[in-house]
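Dropping run-v9.pdb in here (PDB, C-alpha atoms, pLDDT in the B column):
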ATOM      1  CA  LEU G1275       0.000   0.000   0.000  1.00 68.00           C
ATOM      2  CA  GLU G1276       3.032   2.243   0.132  1.00 74.00           C
ATOM      3  CA  ASN G1277       2.497   3.207  -3.508  1.00 78.00           C
ATOM      4  CA  GLY G1278      -1.155   4.122  -3.057  1.00 85.00           C
ATOM      5  CA  ILE G1279      -4.468   2.520  -3.859  1.00 90.00           C
ATOM      6  CA  GLU G1280      -4.417   2.785  -7.639  1.00 92.00           C
ATOM      7  CA  GLU G1281      -0.879   1.450  -8.012  1.00 93.00           C
ATOM      8  CA  THR G1282      -1.575  -1.438  -5.618  1.00 91.00           C
ATOM      9  CA  VAL G1283      -4.714  -2.446  -7.537  1.00 93.00           C
ATOM     10  CA  ASN G1284      -2.932  -2.097 -10.901  1.00 93.00           C
ATOM     11  CA  GLU G1285      -0.034  -4.305  -9.789  1.00 94.00           C
ATOM     12  CA  ILE G1286      -2.391  -7.028  -8.569  1.00 92.00           C
ATOM     13  CA  MET G1287      -4.442  -6.884 -11.759  1.00 93.00           C
ATOM     14  CA  LYS G1288      -1.305  -7.215 -13.923  1.00 94.00           C
ATOM     15  CA  VAL G1289      -0.647 -10.565 -12.274  1.00 93.00           C
ATOM     16  CA  VAL G1290      -4.280 -11.633 -12.742  1.00 92.00           C
ATOM     17  CA  GLU G1291      -4.169 -10.701 -16.447  1.00 90.00           C
ATOM     18  CA  LYS G1292      -0.963 -12.696 -16.992  1.00 92.00           C
ATOM     19  CA  ALA G1293      -2.616 -15.739 -15.419  1.00 90.00           C
ATOM     20  CA  ARG G1294      -5.790 -15.304 -17.498  1.00 86.00           C
ATOM     21  CA  LYS G1295      -3.746 -15.232 -20.696  1.00 88.00           C
ATOM     22  CA  LYS G1296      -2.344 -18.631 -19.670  1.00 90.00           C
ATOM     23  CA  ASN G1297      -5.856 -19.946 -18.948  1.00 86.00           C
ATOM     24  CA  VAL G1298      -5.189 -20.169 -15.190  1.00 87.00           C
ATOM     25  CA  ARG G1299      -7.879 -19.649 -12.547  1.00 86.00           C
ATOM     26  CA  VAL G1300      -6.916 -17.064  -9.960  1.00 88.00           C
ATOM     27  CA  ALA G1301      -8.282 -16.372  -6.486  1.00 90.00           C
ATOM     28  CA  VAL G1302      -7.619 -12.781  -5.498  1.00 92.00           C
ATOM     29  CA  THR G1303      -8.058 -12.383  -1.764  1.00 90.00           C
ATOM     30  CA  SER G1304      -8.886  -9.198   0.005  1.00 90.00           C
ATOM     31  CA  LEU G1305      -5.932  -7.592   1.704  1.00 86.00           C
ATOM     32  CA  LEU G1306      -5.835  -8.618   5.332  1.00 83.00           C
ATOM     33  CA  ARG G1307      -6.502  -6.072   7.994  1.00 80.00           C
ATOM     34  CA  ARG G1308      -3.554  -5.696  10.312  1.00 80.00           C
ATOM     35  CA  PRO G1309      -4.467  -5.100  13.953  1.00 74.00           C
ATOM     36  CA  ALA G1310      -1.003  -3.656  14.596  1.00 73.00           C
ATOM     37  CA  TYR G1311      -1.353  -0.971  11.912  1.00 80.00           C
ATOM     38  CA  ASN G1312      -2.985   2.443  12.098  1.00 84.00           C
ATOM     39  CA  LYS G1313      -6.351   3.771  10.924  1.00 85.00           C
ATOM     40  CA  GLU G1314      -4.862   5.077   7.665  1.00 86.00           C
ATOM     41  CA  TYR G1315      -3.846   1.539   6.725  1.00 85.00           C
ATOM     42  CA  GLU G1316      -7.360   0.370   7.581  1.00 85.00           C
ATOM     43  CA  ARG G1317      -8.862   2.997   5.271  1.00 88.00           C
ATOM     44  CA  LEU G1318      -6.474   2.162   2.428  1.00 89.00           C
ATOM     45  CA  HIS G1319      -6.952  -1.576   2.769  1.00 87.00           C
ATOM     46  CA  LYS G1320     -10.741  -1.187   2.588  1.00 90.00           C
ATOM     47  CA  GLU G1321     -10.503   0.963  -0.548  1.00 92.00           C
ATOM     48  CA  VAL G1322      -8.133  -1.460  -2.279  1.00 92.00           C
ATOM     49  CA  ASN G1323     -10.419  -4.375  -1.405  1.00 92.00           C
ATOM     50  CA  ARG G1324     -13.469  -2.530  -2.733  1.00 94.00           C
ATOM     51  CA  ASP G1325     -11.729  -1.661  -6.011  1.00 95.00           C
ATOM     52  CA  LEU G1326     -10.354  -5.181  -6.485  1.00 94.00           C
ATOM     53  CA  HIS G1327     -13.748  -6.715  -5.790  1.00 93.00           C
ATOM     54  CA  GLU G1328     -15.455  -4.478  -8.364  1.00 94.00           C
ATOM     55  CA  ILE G1329     -12.868  -5.199 -11.062  1.00 94.00           C
ATOM     56  CA  ILE G1330     -12.892  -8.954 -10.447  1.00 93.00           C
ATOM     57  CA  LEU G1331     -16.720  -9.079 -10.530  1.00 92.00           C
ATOM     58  CA  ILE G1332     -16.793  -7.343 -13.910  1.00 92.00           C
ATOM     59  CA  MET G1333     -14.038  -9.625 -15.191  1.00 90.00           C
ATOM     60  CA  LYS G1334     -15.841 -12.708 -13.879  1.00 88.00           C
ATOM     61  CA  ALA G1335     -19.144 -11.751 -15.526  1.00 90.00           C
ATOM     62  CA  GLU G1336     -17.331 -11.268 -18.831  1.00 89.00           C
ATOM     63  CA  SER G1337     -15.514 -14.596 -18.453  1.00 85.00           C
ATOM     64  CA  ILE G1338     -18.742 -16.458 -17.704  1.00 83.00           C
ATOM     65  CA  ARG G1339     -20.429 -14.868 -20.711  1.00 86.00           C
ATOM     66  CA  LYS G1340     -17.526 -15.953 -22.935  1.00 84.00           C
ATOM     67  CA  ARG G1341     -17.285 -19.353 -21.207  1.00 81.00           C
ATOM     68  CA  GLU G1342     -13.654 -18.685 -20.270  1.00 81.00           C
ATOM     69  CA  VAL G1343     -11.682 -19.444 -17.125  1.00 80.00           C
ATOM     70  CA  CYS G1344     -12.843 -17.163 -14.294  1.00 80.00           C
ATOM     71  CA  SER G1345     -10.976 -15.332 -11.603  1.00 86.00           C
ATOM     72  CA  SER G1346     -12.584 -14.929  -8.200  1.00 90.00           C
ATOM     73  CA  PHE G1347     -12.413 -12.457  -5.346  1.00 91.00           C
ATOM     74  CA  LEU G1348     -12.337 -14.021  -1.891  1.00 90.00           C
ATOM     75  CA  ASP G1349     -13.211 -11.548   0.836  1.00 89.00           C
ATOM     76  CA  ILE G1350     -11.417 -12.860   3.892  1.00 89.00           C
ATOM     77  CA  ASP G1351     -11.784  -9.777   6.063  1.00 84.00           C
ATOM     78  CA  GLU G1352     -14.693 -11.215   8.047  1.00 82.00           C
ATOM     79  CA  LEU G1353     -13.081 -14.653   8.181  1.00 86.00           C
ATOM     80  CA  ILE G1354      -9.805 -13.504   9.707  1.00 88.00           C
ATOM     81  CA  GLN G1355     -10.538 -11.676  12.950  1.00 86.00           C
ATOM     82  CA  ALA G1356      -8.048 -10.011  15.299  1.00 84.00           C
ATOM     83  CA  ARG G1357      -7.740 -13.206  17.350  1.00 88.00           C
ATOM     84  CA  CYS G1358      -6.391 -14.970  14.229  1.00 91.00           C
ATOM     85  CA  PHE G1359      -3.139 -12.997  14.392  1.00 91.00           C
ATOM     86  CA  LEU G1360      -0.037 -13.570  16.453  1.00 93.00           C
ATOM     87  CA  GLY G1361       0.806 -11.064  19.149  1.00 90.00           C
ATOM     88  CA  ASP G1362       2.621  -8.862  16.609  1.00 89.00           C
ATOM     89  CA  GLY G1363      -0.716  -8.098  14.923  1.00 86.00           C
ATOM     90  CA  VAL G1364       0.793  -8.789  11.495  1.00 86.00           C
ATOM     91  CA  HIS G1365       1.325 -12.532  11.061  1.00 91.00           C
ATOM     92  CA  LEU G1366      -1.428 -15.129  11.181  1.00 93.00           C
ATOM     93  CA  SER G1367      -1.687 -17.551  14.070  1.00 95.00           C
ATOM     94  CA  GLN G1368      -2.306 -21.279  13.561  1.00 96.00           C
ATOM     95  CA  GLU G1369      -6.046 -20.565  13.781  1.00 95.00           C
ATOM     96  CA  GLY G1370      -5.761 -17.856  11.110  1.00 94.00           C
ATOM     97  CA  GLU G1371      -3.702 -20.068   8.820  1.00 95.00           C
ATOM     98  CA  THR G1372      -6.188 -22.915   9.233  1.00 95.00           C
ATOM     99  CA  LYS G1373      -9.180 -20.703   8.441  1.00 94.00           C
ATOM    100  CA  LEU G1374      -7.457 -19.232   5.392  1.00 93.00           C
ATOM    101  CA  SER G1375      -6.402 -22.683   4.141  1.00 94.00           C
ATOM    102  CA  GLN G1376      -9.923 -24.060   4.552  1.00 95.00           C
ATOM    103  CA  ARG G1377     -11.338 -21.121   2.585  1.00 93.00           C
ATOM    104  CA  PHE G1378      -8.897 -21.770  -0.277  1.00 92.00           C
ATOM    105  CA  ILE G1379      -9.769 -25.476  -0.290  1.00 93.00           C
ATOM    106  CA  ARG G1380     -13.488 -24.626  -0.590  1.00 92.00           C
ATOM    107  CA  TRP G1381     -12.715 -22.297  -3.506  1.00 90.00           C
ATOM    108  CA  ILE G1382     -10.595 -24.938  -5.267  1.00 89.00           C
ATOM    109  CA  ARG G1383     -13.318 -27.556  -4.897  1.00 90.00           C
ATOM    110  CA  ALA G1384     -16.073 -25.204  -6.053  1.00 87.00           C
ATOM    111  CA  THR G1385     -14.157 -24.011  -9.110  1.00 82.00           C
ATOM    112  CA  HIS G1386     -13.173 -27.570  -9.968  1.00 79.00           C
ATOM    113  CA  LEU G1387     -16.837 -28.601  -9.931  1.00 77.00           C
ATOM    114  CA  LEU G1388     -17.749 -25.562 -12.014  1.00 70.00           C
ATOM    115  CA  MET G1389     -15.123 -26.408 -14.613  1.00 68.00           C
ATOM    116  CA  GLU G1390     -16.224 -30.047 -14.723  1.00 69.00           C
ATOM    117  CA  GLY G1391     -19.775 -28.851 -15.415  1.00 67.00           C
ATOM    118  CA  ARG G1392     -18.553 -26.744 -18.343  1.00 56.00           C
ATOM    119  CA  MET G1393     -16.781 -29.707 -19.883  1.00 46.00           C
ATOM    120  CA  ASP G1394     -19.981 -31.789 -20.093  1.00 43.00           C
TER     121      ASP G1394
END

So that I can check it, write out the structure of this file as structure tokens.
Amino acid sequence: LENGIEETVNEIMKVVEKARKKNVRVAVTSLLRRPAYNKEYERLHKEVNRDLHEIILIMKAESIRKREVCSSFLDIDELIQARCFLGDGVHLSQEGETKLSQRFIRWIRATHLLMEGRMD
């Protein structure tokens, strides 16, 4: 976030576009809140998440219409609460890592089933 909202979003979307060109499904997660950081970080992280979510939704709708590989936005802000961080307020605890891993596994399974349905 040091480079600002627009630059952060643009850098993430460059990676997503490269993956799409290679026909790879991508899960873009919301930026994690950081309990140890200040209110300015909180504001910036919410704006980046909002912008990413909007862009990915538009991209996903277009991909579905064209029957192409879709990217997804996974909002993990509500999933990962303050108690899911280590005492430093930056790194995830075992509980946080487990919750995040389980969310990714659900996404992988759901997208796999979706892709199987498209192949029929």

Discussion item. Just want the 10 Å neighbourhood of Lys1373 in chain G, counted on all atoms listed in the file, with same-chain residues fewer than 5 positions away dropped. Output as a PyMOL selection string.
Written reply: chain G and resi 1350+1353-1354+1358+1366-1368+1378-1379

Written file, previous selection with C-alpha atoms, as an mmCIF file, in the frame of the given file:
data_model
loop_
_atom_site.group_PDB
_atom_site.id
_atom_site.type_symbol
_atom_site.label_atom_id
_atom_site.label_comp_id
_atom_site.auth_asym_id
_atom_site.auth_seq_id
_atom_site.Cartn_x
_atom_site.Cartn_y
_atom_site.Cartn_z
ATOM 1 C CA ILE G 1350 -11.417 -12.860 3.892
ATOM 2 C CA LEU G 1353 -13.081 -14.653 8.181
ATOM 3 C CA ILE G 1354 -9.805 -13.504 9.707
ATOM 4 C CA CYS G 1358 -6.391 -14.970 14.229
ATOM 5 C CA LEU G 1366 -1.428 -15.129 11.181
ATOM 6 C CA SER G 1367 -1.687 -17.551 14.070
ATOM 7 C CA GLN G 1368 -2.306 -21.279 13.561
ATOM 8 C CA PHE G 1378 -8.897 -21.770 -0.277
ATOM 9 C CA ILE G 1379 -9.769 -25.476 -0.290
#

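Among the candidates G:Met1333, G:Leu1348, G:Ala1356, G:Val1364, the one nearest to Ala1301 in chain G when counting only C-alpha atoms is G:Leu1348.
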
Worksheet item: Expressed in Å to a single decimal, how great is the separation between CA of His1327 in chain G and CA of Glu1371 in chain G?
Response: 22.2 Å

Worksheet item: Near range 1278-1283 of chain G, counting only C-alpha atoms, which residues have an atom at most 8 Å away, once you skip same-chain residues fewer than 6 positions from it, shown as a ChimeraX atom specification?
Response: /G:1318,1321-1322,1325-1326

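Candidate residues G:Arg1308, G:His1386, G:Arg1377, G:Lys1288 were compared for distance to Lys1320 in chain G, and the nearest is G:Arg1308, using only C-alpha atoms.
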
Practice prompt. Can you work out the spacing between CA of Asn1312 in chain G and CA of Ile1330 in chain G in Å, to one decimal?
Written response: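 CA of Ile1330 in chain G lies at a distance of 27.1 Å from CA of Asn1312 in chain G.
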
Item to complete: Using all atoms listed in the file, determine which residues lie at most 8 Å from Val1302 in chain G, disregarding the query and same-chain residues fewer than 2 positions distant; provide the list as a PyMOL selection string.
Response: chain G and resi 1300+1304+1345-1348

Discussion item. So that I can see what lies close to Arg1294 in chain G, please list as a PyMOL selection string the residues with an atom at most 10 Å from it, counting only C-alpha atoms and leaving out residues fewer than 2 positions away in the same chain.
Written reply: chain G and resi 1288-1292+1296-1300+1337+1342-1345
